[in-house]
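A.B. asks: Here you go, this is coords09.txt (compact mmCIF, C-alpha atoms).
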# COMPACT_ATOMS: atom_id res chain seq x y z
CA MET H 1 -26.77 26.02 -16.60
CA ARG H 2 -26.92 28.78 -19.19
CA LEU H 3 -23.81 30.57 -20.34
CA LYS H 4 -23.54 34.22 -21.23
CA ILE H 5 -21.07 34.48 -24.13
CA GLU H 6 -19.95 37.98 -25.07
CA LEU H 7 -17.57 38.73 -27.95
CA LYS H 8 -14.70 40.90 -26.68
CA GLY H 9 -12.33 40.89 -29.64
CA THR H 10 -11.92 39.49 -33.14
CA SER H 11 -9.59 39.72 -36.14
CA GLU H 12 -10.21 40.05 -39.87
CA SER H 13 -6.92 38.38 -40.80
CA VAL H 14 -7.46 35.11 -38.88
CA LEU H 15 -10.26 33.41 -36.96
CA LEU H 16 -8.71 34.10 -33.54
CA ARG H 17 -11.32 35.65 -31.28
CA SER H 18 -11.90 36.33 -27.60
CA PHE H 19 -15.14 35.74 -25.71
CA ARG H 20 -16.00 36.56 -22.13
CA VAL H 21 -17.95 33.60 -20.77
CA LYS H 22 -20.02 33.88 -17.61
CA GLY H 23 -21.77 31.07 -15.76
CA ALA H 24 -22.98 30.35 -12.23
CA GLY H 25 -20.09 31.47 -10.03
CA PHE H 26 -17.39 31.60 -12.71
CA GLU H 27 -16.08 33.72 -15.56
CA PHE H 28 -13.28 33.27 -18.10
CA LEU H 29 -11.87 34.60 -21.36
CA THR H 30 -11.13 32.57 -24.48
CA PRO H 31 -9.07 31.13 -26.04
CA ILE H 32 -8.40 28.84 -23.10
CA ARG H 33 -7.23 25.31 -22.36
CA SER H 34 -9.42 22.94 -20.37
CA ILE H 35 -8.02 21.02 -17.41
CA GLN H 36 -8.35 17.27 -16.92
CA PRO H 37 -8.35 15.48 -13.55
CA SER H 38 -4.83 14.10 -13.78
CA ARG H 39 -1.61 14.66 -11.94
CA SER H 40 0.11 16.21 -14.95
CA ASP H 41 -2.43 19.00 -15.31
CA GLU H 42 -2.64 19.52 -11.56
CA ILE H 43 1.10 20.23 -11.56
CA GLY H 44 1.20 22.07 -14.83
CA ILE H 45 -1.52 24.73 -14.66
CA PRO H 46 -1.38 26.32 -11.21
CA TYR H 47 -2.78 29.73 -12.09
CA GLY H 48 -6.31 30.30 -10.85
CA ASP H 49 -7.39 32.39 -13.83
CA LEU H 50 -6.46 29.51 -16.16
CA ARG H 51 -8.34 26.87 -14.15
CA LYS H 52 -11.85 27.60 -15.39
CA ILE H 53 -12.88 24.68 -17.63
CA PHE H 54 -12.63 21.14 -16.31
CA GLU H 55 -12.92 18.17 -18.64
CA ILE H 56 -14.09 14.88 -17.15
CA TYR H 57 -13.26 12.32 -19.84
CA LEU H 58 -14.95 8.96 -19.28
CA SER H 59 -14.05 5.84 -21.24
CA PHE H 60 -16.61 3.04 -21.68
CA ARG H 61 -16.59 -0.36 -23.34
CA VAL H 62 -19.76 -1.77 -24.86
CA ASP H 63 -19.51 -5.19 -23.22
CA ARG H 64 -19.28 -3.68 -19.75
CA LEU H 65 -22.11 -1.23 -20.38
CA LEU H 66 -24.39 -4.07 -21.45
CA LYS H 67 -23.76 -5.83 -18.14
CA LEU H 68 -25.08 -2.83 -16.18
CA SER H 69 -28.65 -4.06 -16.54
CA SER H 70 -27.95 -7.27 -14.66
CA SER H 71 -25.07 -6.25 -12.36
CA ARG H 72 -25.65 -3.84 -9.51
CA GLU H 73 -21.99 -4.30 -8.58
CA LEU H 74 -20.86 -3.00 -11.98
CA GLU H 75 -23.37 -0.17 -11.82
CA ARG H 76 -21.94 0.92 -8.44
CA TYR H 77 -18.44 0.69 -9.89
CA TYR H 78 -19.30 3.13 -12.68
CA GLU H 79 -21.15 5.46 -10.31
CA LYS H 80 -18.09 5.64 -8.05
CA TYR H 81 -15.77 5.96 -11.07
CA ILE H 82 -17.65 9.01 -12.36
CA GLN H 83 -18.16 10.57 -8.93
CA ARG H 84 -14.47 10.17 -8.12
CA LYS H 85 -13.51 12.15 -11.23
CA ILE H 86 -16.09 14.84 -10.51
CA ASN H 87 -14.87 15.14 -6.90
CA LEU H 88 -11.38 16.06 -8.08
CA PHE H 89 -12.88 19.43 -9.03
CA SER H 90 -15.46 19.76 -6.25
CA ASP H 91 -13.71 22.82 -4.78
CA GLU H 92 -13.14 24.49 -8.14
CA ARG H 93 -15.37 27.24 -9.53
CA GLY H 94 -15.68 26.73 -13.25
CA LEU H 95 -17.37 25.02 -16.16
CA LYS H 96 -17.35 21.23 -15.73
CA ILE H 97 -17.96 19.06 -18.78
CA ILE H 98 -18.34 15.27 -18.91
CA ILE H 99 -17.20 13.71 -22.21
CA PRO H 100 -18.27 10.06 -22.54
CA SER H 101 -16.18 8.05 -25.01
CA ILE H 102 -17.11 4.57 -26.21
CA GLU H 103 -13.88 2.83 -27.16
CA PHE H 104 -12.40 -0.40 -28.53
CA SER H 105 -15.79 -2.08 -28.96
CA GLU H 106 -18.24 -3.36 -31.52
CA ILE H 107 -21.77 -1.98 -31.16
CA PRO H 108 -24.38 -4.68 -31.79
CA LYS H 109 -27.09 -2.83 -33.73
CA LYS H 110 -29.82 -4.72 -31.89
CA LYS H 111 -28.37 -3.50 -28.58
CA ALA H 112 -27.67 0.10 -29.66
CA GLU H 113 -30.84 1.58 -28.14
CA ILE H 114 -30.25 -0.25 -24.86
CA LEU H 115 -26.69 1.09 -24.74
CA GLY H 116 -27.87 4.65 -25.32
CA THR H 117 -30.46 4.34 -22.56
CA LEU H 118 -27.99 2.83 -20.07
CA LEU H 119 -25.42 5.53 -20.73
CA ALA H 120 -28.00 8.32 -20.36
CA ASP H 121 -29.22 6.90 -17.05
CA LEU H 122 -25.67 6.62 -15.74
CA LEU H 123 -24.65 10.17 -16.68
CA SER H 124 -27.82 11.79 -15.34
CA LEU H 125 -27.13 10.82 -11.72
CA PHE H 126 -24.70 13.63 -11.04
CA ASN H 127 -24.70 17.31 -10.10
CA SER H 128 -26.73 19.78 -12.11
CA ASP H 129 -23.68 22.06 -12.50
CA VAL H 130 -21.96 19.41 -14.63
CA ILE H 131 -22.78 19.47 -18.35
CA VAL H 132 -22.63 16.28 -20.43
CA THR H 133 -21.69 16.05 -24.10
CA SER H 134 -23.13 13.49 -26.47
CA PRO H 135 -20.85 10.43 -26.73
CA ILE H 136 -17.82 10.23 -29.00
CA PHE H 137 -16.43 6.98 -30.40
CA TYR H 138 -12.97 5.48 -30.86
CA ARG H 139 -12.21 2.35 -32.89
CA VAL H 140 -15.81 1.16 -32.99
CA ASN H 141 -18.04 0.19 -35.91
CA GLU H 142 -20.32 2.95 -37.21
CA GLU H 143 -23.31 0.65 -37.53
CA GLY H 144 -25.51 1.31 -34.53
CA ILE H 145 -24.03 4.72 -33.59
CA TYR H 146 -27.05 6.70 -34.84
CA GLU H 147 -29.51 4.44 -32.99
CA LEU H 148 -27.40 4.63 -29.82
CA LEU H 149 -27.33 8.45 -29.95
CA ASN H 150 -31.06 8.70 -30.64
CA ALA H 151 -31.83 6.62 -27.54
CA PHE H 152 -29.26 8.59 -25.54
CA TYR H 153 -30.80 11.93 -26.57
CA GLU H 154 -34.34 10.71 -25.92
CA ASN H 155 -33.54 9.67 -22.35
CA ILE H 156 -31.38 12.73 -21.64
CA ALA H 157 -34.31 14.87 -22.82
CA TYR H 158 -36.71 13.24 -20.36
CA LEU H 159 -34.20 13.28 -17.52
CA GLY H 160 -33.48 16.99 -18.01
CA LYS H 161 -29.67 16.80 -17.99
CA LYS H 162 -27.92 19.71 -19.72
CA ILE H 163 -26.25 18.39 -22.87
CA LEU H 164 -23.91 19.72 -25.55
CA LEU H 165 -23.34 18.39 -29.05
CA ALA H 166 -20.09 16.48 -29.58
CA ILE H 167 -19.24 15.65 -33.18
CA PRO H 168 -17.32 12.34 -33.24
CA GLU H 169 -14.74 11.33 -35.83
CA VAL H 170 -17.03 9.29 -38.06
CA SER H 171 -17.94 9.37 -41.75
CA ARG H 172 -19.18 12.66 -43.20
CA ASP H 173 -22.77 11.51 -43.74
CA LEU H 174 -23.04 10.22 -40.19
CA ARG H 175 -21.58 13.48 -38.83
CA LEU H 176 -24.30 15.43 -40.63
CA ASN H 177 -27.02 13.05 -39.44
CA ILE H 178 -25.81 13.40 -35.84
CA PHE H 179 -25.91 17.19 -36.17
CA ARG H 180 -29.45 17.11 -37.59
CA LEU H 181 -30.61 14.71 -34.88
CA PHE H 182 -29.25 16.93 -32.11
CA SER H 183 -30.87 19.98 -33.76
CA GLU H 184 -34.27 18.25 -33.70
CA TYR H 185 -33.98 17.67 -29.96
CA TYR H 186 -32.70 21.23 -29.45
CA ASN H 187 -35.90 22.54 -31.05
CA ASN H 188 -38.05 20.56 -28.62
CA TYR H 189 -36.15 20.44 -25.31
CA THR H 190 -34.60 23.29 -23.32
CA ASN H 191 -31.81 21.13 -21.84
CA PHE H 192 -30.17 20.72 -25.28
CA LEU H 193 -27.64 23.53 -25.68
CA PHE H 194 -25.75 25.08 -28.59
CA ASP H 195 -23.62 27.38 -26.41
CA ILE H 196 -20.63 25.12 -27.12
CA VAL H 197 -20.08 22.69 -29.99
CA CYS H 198 -17.47 20.01 -29.26
CA VAL H 199 -15.45 18.21 -31.94
CA ASP H 200 -13.26 15.12 -31.53
CA TYR H 201 -9.93 15.58 -33.36
CA ASN H 202 -8.77 12.11 -32.28
CA GLY H 203 -5.24 12.89 -31.09
CA SER H 204 -4.61 15.40 -33.87
CA ASN H 205 -5.74 19.00 -34.48
CA PRO H 206 -7.98 21.14 -36.72
CA ILE H 207 -5.06 22.01 -39.01
CA SER H 208 -4.38 18.35 -39.76
CA LYS H 209 -8.07 17.38 -39.74
CA HIS H 210 -8.87 20.22 -42.13
CA SER H 211 -11.76 18.52 -43.94
CA ILE H 212 -13.61 17.87 -40.67
CA HIS H 213 -12.80 21.34 -39.38
CA ASN H 214 -14.03 23.07 -42.55
CA MET H 215 -17.33 21.25 -42.21
CA VAL H 216 -17.60 22.20 -38.54
CA LEU H 217 -16.94 25.87 -39.32
CA ARG H 218 -19.83 25.82 -41.81
CA LEU H 219 -22.15 24.22 -39.26
CA VAL H 220 -21.17 26.68 -36.51
CA LYS H 221 -21.73 29.61 -38.86
CA ILE H 222 -25.18 28.31 -39.76
CA ILE H 223 -26.15 27.87 -36.08
CA GLU H 224 -24.82 31.31 -35.09
CA THR H 225 -26.77 32.94 -37.94
CA GLN H 226 -30.02 31.08 -37.31
CA LEU H 227 -29.98 31.43 -33.53
CA ASN H 228 -28.36 34.88 -33.49
CA GLN H 229 -25.95 33.85 -30.75
CA ASN H 230 -22.24 33.26 -30.23
CA ILE H 231 -21.04 29.67 -30.12
CA LEU H 232 -17.78 28.38 -28.63
CA LEU H 233 -15.89 25.66 -30.49
CA TYR H 234 -14.33 23.08 -28.15
CA GLY H 235 -11.62 20.74 -29.46
CA ILE H 236 -11.56 17.28 -27.85
CA ASN H 237 -8.33 15.24 -28.03
CA VAL H 238 -6.22 18.03 -29.53
CA LYS H 239 -2.52 17.33 -30.06
CA TYR H 240 0.22 19.03 -32.10
CA SER H 241 0.67 15.95 -34.29
CA LYS H 242 -0.74 12.45 -34.29
CA PHE H 243 2.59 10.86 -35.23
CA GLY H 244 5.05 13.22 -33.58
CA GLN H 245 7.53 10.45 -32.72
CA LYS H 246 8.75 10.38 -36.31
CA TYR H 247 10.12 13.94 -36.35
CA GLU H 248 12.70 15.89 -34.37
CA ARG H 249 10.89 19.25 -34.63
CA LEU H 250 7.18 19.87 -35.16
CA PRO H 251 5.15 23.07 -35.50
CA ALA H 252 2.74 23.61 -32.60
CA ARG H 253 -0.44 23.04 -34.56
CA ASP H 254 -2.45 22.75 -31.36
CA ILE H 255 -1.73 26.46 -30.77
CA ILE H 256 -2.23 27.40 -34.44
CA SER H 257 -5.72 25.89 -34.21
CA VAL H 258 -7.04 28.84 -32.20
CA PHE H 259 -6.15 31.08 -35.17
CA GLY H 260 -8.46 28.80 -37.17
CA GLY H 261 -11.55 29.15 -34.99
CA LEU H 262 -10.96 26.87 -31.99
CA ASP H 263 -11.95 28.61 -28.73
CA ILE H 264 -11.21 25.88 -26.19
CA VAL H 265 -8.33 23.41 -26.49
CA GLY H 266 -8.98 20.09 -24.78
CA PRO H 267 -6.21 17.73 -23.61
CA ASN H 268 -5.41 14.66 -25.66
CA HIS H 269 -6.40 11.20 -24.38
CA ARG H 270 -5.56 9.21 -27.49
CA ARG H 271 -2.33 7.35 -28.09
CA PRO H 272 -1.40 6.76 -31.74
CA VAL H 273 -1.75 3.20 -32.96
CA ILE H 274 1.79 2.03 -33.80
CA SER H 275 3.34 -1.28 -34.76
CA ARG H 276 5.18 -3.42 -32.21
CA ASP H 277 8.51 -2.81 -33.97
CA VAL H 278 8.11 0.96 -33.75
CA ALA H 279 6.96 0.68 -30.12
CA ASP H 280 10.10 -1.27 -29.23
CA ILE H 281 12.29 1.37 -30.87
CA LEU H 282 10.52 4.18 -28.98
CA LYS H 283 11.02 2.37 -25.66
CA GLN H 284 14.76 2.21 -26.31
CA LYS H 285 15.06 5.92 -27.01
CA ASP H 286 16.62 8.18 -24.44
CA LEU H 287 14.37 10.51 -22.43
CA THR H 288 15.98 13.43 -24.22
CA GLU H 289 14.05 12.31 -27.33
CA LYS H 290 10.82 13.60 -25.74
CA LYS H 291 9.49 16.92 -27.03
CA ILE H 292 9.05 20.20 -25.24
CA LEU H 293 7.06 23.27 -26.29
CA ASP H 294 9.20 26.24 -27.34
CA LEU H 295 6.92 29.28 -27.53
CA SER H 296 9.61 31.48 -29.07
CA GLN H 297 9.19 29.56 -32.35
CA TYR H 298 5.85 27.76 -31.78
CA ALA H 299 7.46 24.36 -32.10
CA TYR H 300 7.77 21.13 -30.16
CA ILE H 301 11.48 20.31 -30.05
CA LEU H 302 13.56 17.49 -28.61
CA ILE H 303 14.44 18.23 -25.02
CA ARG H 304 18.09 17.45 -25.70
CA GLU H 305 18.16 20.37 -28.14
CA ILE H 306 17.19 23.01 -25.59
CA GLU H 307 19.49 25.96 -26.12
CA ASN H 308 17.12 28.72 -25.06
CA ARG H 309 18.17 29.71 -21.55
CA GLY H 310 14.67 30.95 -20.81
CA ILE H 311 13.13 27.53 -21.42
CA ARG H 312 15.68 25.88 -19.15
CA GLU H 313 15.02 28.39 -16.38
CA GLU H 314 11.24 28.03 -16.75
CA LEU H 315 11.48 24.25 -16.43
CA GLU H 316 13.75 24.40 -13.40
CA LYS H 317 11.57 27.00 -11.68
CA LEU H 318 8.33 25.10 -12.32
CA PHE H 319 9.60 21.72 -11.13
CA LYS H 320 12.21 22.97 -8.64
CA VAL H 321 14.78 20.61 -10.10
CA LYS H 322 17.78 20.97 -12.40
CA ILE H 323 17.00 19.97 -15.96
CA ASN H 324 20.06 17.71 -16.12
CA GLU H 325 18.68 15.81 -13.15
CA VAL H 326 15.32 15.46 -14.91
CA ILE H 327 16.94 14.15 -18.07
CA SER H 328 19.11 11.69 -16.19
CA THR H 329 16.27 10.30 -14.06
CA LYS H 330 15.59 6.60 -14.36
CA ASN H 331 11.90 7.08 -13.65
CA GLN H 332 10.54 7.56 -17.17
CA ARG H 333 6.92 7.81 -16.03
CA GLU H 334 7.78 10.62 -13.60
CA PHE H 335 9.69 12.43 -16.31
CA GLU H 336 6.82 12.17 -18.80
CA ILE H 337 4.36 13.54 -16.22
CA MET H 338 6.62 16.53 -15.58
CA LEU H 339 7.16 17.19 -19.27
CA LYS H 340 3.45 16.91 -20.06
CA ALA H 341 2.73 19.29 -17.20
CA TYR H 342 5.21 21.83 -18.48
CA ASN H 343 3.78 21.71 -22.01
CA ALA H 344 0.22 22.04 -20.69
CA GLU H 345 1.15 25.06 -18.57
CA ARG H 346 3.02 26.80 -21.41
CA LEU H 347 0.12 26.22 -23.81
CA ALA H 348 -2.41 27.60 -21.31
CA VAL H 349 -0.31 30.69 -20.64
CA GLU H 350 0.15 31.39 -24.35
CA LEU H 351 -3.59 31.13 -24.97
CA ARG H 352 -4.12 33.74 -22.27
CA ASN H 353 -1.53 35.90 -24.04
CA LEU H 354 -3.40 35.53 -27.34
CA SER H 355 -6.64 36.57 -25.64
CA SER H 356 -4.91 39.76 -24.47
CA ILE H 357 -3.52 40.44 -27.95
CA ILE H 358 -6.89 40.14 -29.67
CA ARG H 359 -8.66 42.28 -27.06
CA ALA H 360 -6.00 45.02 -27.05
CA ASN H 361 -6.21 45.29 -30.86
CA GLU H 362 -2.67 46.73 -31.08
CA ILE H 363 -0.92 43.83 -32.81
CA ASP H 364 -2.10 42.04 -35.95
CA PRO H 365 -2.60 38.41 -34.79
CA LYS H 366 -1.59 37.09 -38.21
CA GLU H 367 1.69 39.02 -38.12
CA TYR H 368 2.29 37.72 -34.60
CA LEU H 369 1.68 34.16 -35.76
CA LEU H 370 4.00 34.49 -38.76
CA SER H 371 6.73 35.90 -36.52
CA LYS H 372 7.07 32.36 -35.13
CA SER H 373 9.71 30.59 -37.23
CA ALA H 374 8.15 27.10 -37.12
CA ILE H 375 4.82 28.45 -38.34
CA LYS H 376 6.31 30.62 -41.05
CA GLN H 377 7.89 27.47 -42.48
CA ASP H 378 4.69 25.39 -42.18
CA LYS H 379 3.23 26.22 -45.59
CA ILE H 380 0.49 23.60 -45.25
CA ALA H 381 -0.79 25.12 -42.00
CA ILE H 382 -0.79 28.64 -43.46
CA ARG H 383 -2.67 27.50 -46.56
CA ARG H 384 -5.27 25.69 -44.47
CA LEU H 385 -5.73 28.69 -42.19
CA HIS H 386 -6.56 30.77 -45.25
CA ASN H 387 -9.03 28.10 -46.28
CA PHE H 388 -10.69 28.11 -42.84
CA ILE H 389 -11.11 31.89 -43.00
CA SER H 390 -12.68 31.65 -46.44
CA THR H 391 -14.97 28.82 -45.31
CA TYR H 392 -16.22 30.69 -42.25
CA ASN H 393 -16.72 34.03 -43.98
CA THR H 394 -18.27 32.81 -47.23
CA GLU H 395 -21.92 33.54 -47.91
CA ILE H 396 -22.35 30.11 -49.51
CA LEU H 397 -22.94 27.90 -46.49
CA GLY H 398 -23.54 24.57 -48.16
CA THR H 399 -22.32 21.49 -46.33
In structure tokens, what does this structure look like?
C.D. replies:
Amino acid sequence: MRLKIELKGTSESVLLRSFRVKGAGFEFLTPIRSIQPSRSDEIGIPYGDLRKIFEIYLSFRVDRLLKLSSSRELERYYEKYIQRKINLFSDERGLKIIIPSIEFSEIPKKKAEILGTLLADLLSLFNSDVIVTSPIFYRVNEEGIYELLNAFYENIAYLGKKILLAIPEVSRDLRLNIFRLFSEYYNNYTNFLFDIVCVDYNGSNPISKHSIHNMVLRLVKIIETQLNQNILLYGINVKYSKFGQKYERLPARDIISVFGGLDIVGPNHRRPVISRDVADILKQKDLTEKKILDLSQYAYILIREIENRGIREELEKLFKVKINEVISTKNQREFEIMLKAYNAERLAVELRNLSSIIRANEIDPKEYLLSKSAIKQDKIAIRRLHNFISTYNTEILGT
């Protein structure tokens, strides 16, 4: 699958931009939010024009992967597990991306090549219209990652599966080595693509992960210049704040990120690591302590502080239930699904609005951003946005 990526609008004041992306049987405009196969997103983003990118996030553990060689039963389990997730979008027309994540495991260096080969074999069994990213890693040792990826790339190359680069949250030197390794395969195999570069923000966002994001902007600029093509930047595991439980009101840094060069916002799959004492306190908190996205100020606020009549009406219309009934429900899981769905839908709609703003070229996107009270007060985010702009536009592209 080759994508046609056409720039439709850009801004000199920020890095917000709009691309028209065309593929086999689908078309969409950026910035956009990807959809995951979960009940919350199914409820939360009903509009057809927003359902264009589908993220199939697959979690693997090293010990189970190693057993694939000797267990046909486990191999069938993983085949059905992946196919089941793909089938959730079988009737949808859009870009479908598999993101494999190796989590909570130690990688034995002697077994790294075997792991890469097994994972490549497993992910190459499925439809040609599904693109795979290179693996990302969560709470694993870095030793063995390079060898695993090299074996993964080598087998993906021979098997012909379309693959995108995903930059995991690892040390800086390893990030650069992964980029160089992918580039070598890109130069030799047509199934390695630079249409989209994916970055794992690990339950945070580009504003908070500014060092990683600055580096990524440099790399993207280099690739765009050398290949003379547009590249989309896809954020994996993007969230407004990694430790949002601590605060009553937080700026919506997931939205701000598109002003800093992010084209596709991926849903977050990472829960913050917290102590048992803090976890017990959070369990005791009332449901009204959960946060809801207020687009009027670009902030996530406690649901008990909703004063904006429009937000209340939007919630009640979307879920066909009175907000007081939602707050008073005893089913916390059901409430969290509904709230997550609402936030996902609001974020997706606002990204569509930003695409319209940048294409119409009638409103300065930076002025629009600073009209949001939570952002105007977030001096750190504003300073880092300026830094991103300088990084991307500079002629000195050292990494």
A.B. asks: Quick check, in Å to one decimal: how far apart do CA of Ile389 in chain H and CA of Lys221 in chain H lie?
C.D. replies: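 One can read the CA of Ile389 in chain H to CA of Lys221 in chain H distance as 11.6 Å.
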A.B. asks: Choose the residue, out of H:Ala112, H:Leu219, H:Ile236, H:Leu181, that has the smallest atom-to-atom separation from Tyr153 in chain H; count all atoms listed in the file.
C.D. replies: H:Leu181
A.B. asks: So, counting all atoms listed in the file, which residue among H:Ala299, H:Ile167, H:Ile196, H:Ile380 is closest to Asn343 in chain H?
C.D. replies: H:Ala299
A.B. asks: Extract, using all atoms listed in the file, all DNA, RNA and protein residues at most 8 Å from Leu15 in chain H, discarding same-chain residues fewer than 2 positions from it, and format them as a ChimeraX atom specification.
C.D. replies: /H:10-13,17,258-261,388-389
A.B. asks: What does the distance between CA of Lys22 in chain H and CA of Lys8 in chain H come to in Å, to one decimal place?
C.D. replies: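 We find that CA of Lys22 in chain H and CA of Lys8 in chain H lie 12.6 Å from each other.
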A.B. asks: Range 262-271 of chain H: which residues within 10 Å, counting all atoms listed in the file, same-chain residues fewer than 6 positions away excluded, as a PDB file with C-alpha atoms, in the frame of the given file?
C.D. replies:
ATOM      1  CA  LEU H  15     -10.260  33.410 -36.960  1.00  0.00           C
ATOM      2  CA  LEU H  16      -8.710  34.100 -33.540  1.00  0.00           C
ATOM      3  CA  ARG H  17     -11.320  35.650 -31.280  1.00  0.00           C
ATOM      4  CA  SER H  18     -11.900  36.330 -27.600  1.00  0.00           C
ATOM      5  CA  PHE H  19     -15.140  35.740 -25.710  1.00  0.00           C
ATOM      6  CA  LEU H  29     -11.870  34.600 -21.360  1.00  0.00           C
ATOM      7  CA  THR H  30     -11.130  32.570 -24.480  1.00  0.00           C
ATOM      8  CA  PRO H  31      -9.070  31.130 -26.040  1.00  0.00           C
ATOM      9  CA  ILE H  32      -8.400  28.840 -23.100  1.00  0.00           C
ATOM     10  CA  ARG H  33      -7.230  25.310 -22.360  1.00  0.00           C
ATOM     11  CA  SER H  34      -9.420  22.940 -20.370  1.00  0.00           C
ATOM     12  CA  ILE H  35      -8.020  21.020 -17.410  1.00  0.00           C
ATOM     13  CA  GLN H  36      -8.350  17.270 -16.920  1.00  0.00           C
ATOM     14  CA  ASP H  41      -2.430  19.000 -15.310  1.00  0.00           C
ATOM     15  CA  ILE H  53     -12.880  24.680 -17.630  1.00  0.00           C
ATOM     16  CA  PHE H  54     -12.630  21.140 -16.310  1.00  0.00           C
ATOM     17  CA  GLU H  55     -12.920  18.170 -18.640  1.00  0.00           C
ATOM     18  CA  TYR H  57     -13.260  12.320 -19.840  1.00  0.00           C
ATOM     19  CA  SER H  59     -14.050   5.840 -21.240  1.00  0.00           C
ATOM     20  CA  TYR H 138     -12.970   5.480 -30.860  1.00  0.00           C
ATOM     21  CA  ILE H 196     -20.630  25.120 -27.120  1.00  0.00           C
ATOM     22  CA  CYS H 198     -17.470  20.010 -29.260  1.00  0.00           C
ATOM     23  CA  VAL H 199     -15.450  18.210 -31.940  1.00  0.00           C
ATOM     24  CA  ASP H 200     -13.260  15.120 -31.530  1.00  0.00           C
ATOM     25  CA  TYR H 201      -9.930  15.580 -33.360  1.00  0.00           C
ATOM     26  CA  ASN H 202      -8.770  12.110 -32.280  1.00  0.00           C
ATOM     27  CA  GLY H 203      -5.240  12.890 -31.090  1.00  0.00           C
ATOM     28  CA  SER H 204      -4.610  15.400 -33.870  1.00  0.00           C
ATOM     29  CA  ASN H 205      -5.740  19.000 -34.480  1.00  0.00           C
ATOM     30  CA  PRO H 206      -7.980  21.140 -36.720  1.00  0.00           C
ATOM     31  CA  HIS H 213     -12.800  21.340 -39.380  1.00  0.00           C
ATOM     32  CA  LEU H 217     -16.940  25.870 -39.320  1.00  0.00           C
ATOM     33  CA  ILE H 231     -21.040  29.670 -30.120  1.00  0.00           C
ATOM     34  CA  LEU H 232     -17.780  28.380 -28.630  1.00  0.00           C
ATOM     35  CA  LEU H 233     -15.890  25.660 -30.490  1.00  0.00           C
ATOM     36  CA  TYR H 234     -14.330  23.080 -28.150  1.00  0.00           C
ATOM     37  CA  GLY H 235     -11.620  20.740 -29.460  1.00  0.00           C
ATOM     38  CA  ILE H 236     -11.560  17.280 -27.850  1.00  0.00           C
ATOM     39  CA  ASN H 237      -8.330  15.240 -28.030  1.00  0.00           C
ATOM     40  CA  VAL H 238      -6.220  18.030 -29.530  1.00  0.00           C
ATOM     41  CA  LYS H 239      -2.520  17.330 -30.060  1.00  0.00           C
ATOM     42  CA  TYR H 240       0.220  19.030 -32.100  1.00  0.00           C
ATOM     43  CA  LYS H 242      -0.740  12.450 -34.290  1.00  0.00           C
ATOM     44  CA  PHE H 243       2.590  10.860 -35.230  1.00  0.00           C
ATOM     45  CA  ASP H 254      -2.450  22.750 -31.360  1.00  0.00           C
ATOM     46  CA  ILE H 255      -1.730  26.460 -30.770  1.00  0.00           C
ATOM     47  CA  ILE H 256      -2.230  27.400 -34.440  1.00  0.00           C
ATOM     48  CA  ALA H 344       0.220  22.040 -20.690  1.00  0.00           C
ATOM     49  CA  LEU H 347       0.120  26.220 -23.810  1.00  0.00           C
ATOM     50  CA  ALA H 348      -2.410  27.600 -21.310  1.00  0.00           C
ATOM     51  CA  LEU H 351      -3.590  31.130 -24.970  1.00  0.00           C
TER      52      LEU H 351
END
A.B. asks: Could you check the closest approach to Lys96 in chain H for each of H:Leu250, H:Met338, H:Ile357, H:Ile163 and tell me which residue wins, using only C-alpha atoms?
C.D. replies: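 The shortest atom-to-atom distance to Lys96 in chain H comes from H:Ile163.
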A.B. asks: For range 28-34 of chain H, which lacks atoms in the input, supply N, CA, C and O atoms and format the output as a compact mmCIF listing (two decimals), in the coordinates of the input.
C.D. replies:
# COMPACT_ATOMS: atom_id res chain seq x y z
N PHE H 28 -14.59 33.44 -17.47
CA PHE H 28 -13.28 33.27 -18.10
C PHE H 28 -13.28 33.89 -19.49
O PHE H 28 -14.34 34.19 -20.06
N LEU H 29 -12.07 34.07 -20.02
CA LEU H 29 -11.87 34.60 -21.36
C LEU H 29 -11.30 33.52 -22.26
O LEU H 29 -10.51 32.68 -21.82
N THR H 30 -11.70 33.51 -23.51
CA THR H 30 -11.13 32.57 -24.48
C THR H 30 -10.13 33.32 -25.36
O THR H 30 -10.19 34.54 -25.44
N PRO H 31 -9.22 32.59 -26.04
CA PRO H 31 -9.07 31.13 -26.04
C PRO H 31 -8.50 30.64 -24.71
O PRO H 31 -7.78 31.37 -24.02
N ILE H 32 -8.81 29.39 -24.39
CA ILE H 32 -8.40 28.84 -23.10
C ILE H 32 -8.22 27.33 -23.25
O ILE H 32 -8.78 26.72 -24.16
N ARG H 33 -7.43 26.75 -22.38
CA ARG H 33 -7.23 25.31 -22.36
C ARG H 33 -8.01 24.71 -21.21
O ARG H 33 -8.00 25.24 -20.09
N SER H 34 -8.70 23.61 -21.46
CA SER H 34 -9.42 22.94 -20.37
C SER H 34 -8.45 22.08 -19.57
O SER H 34 -7.40 21.68 -20.05
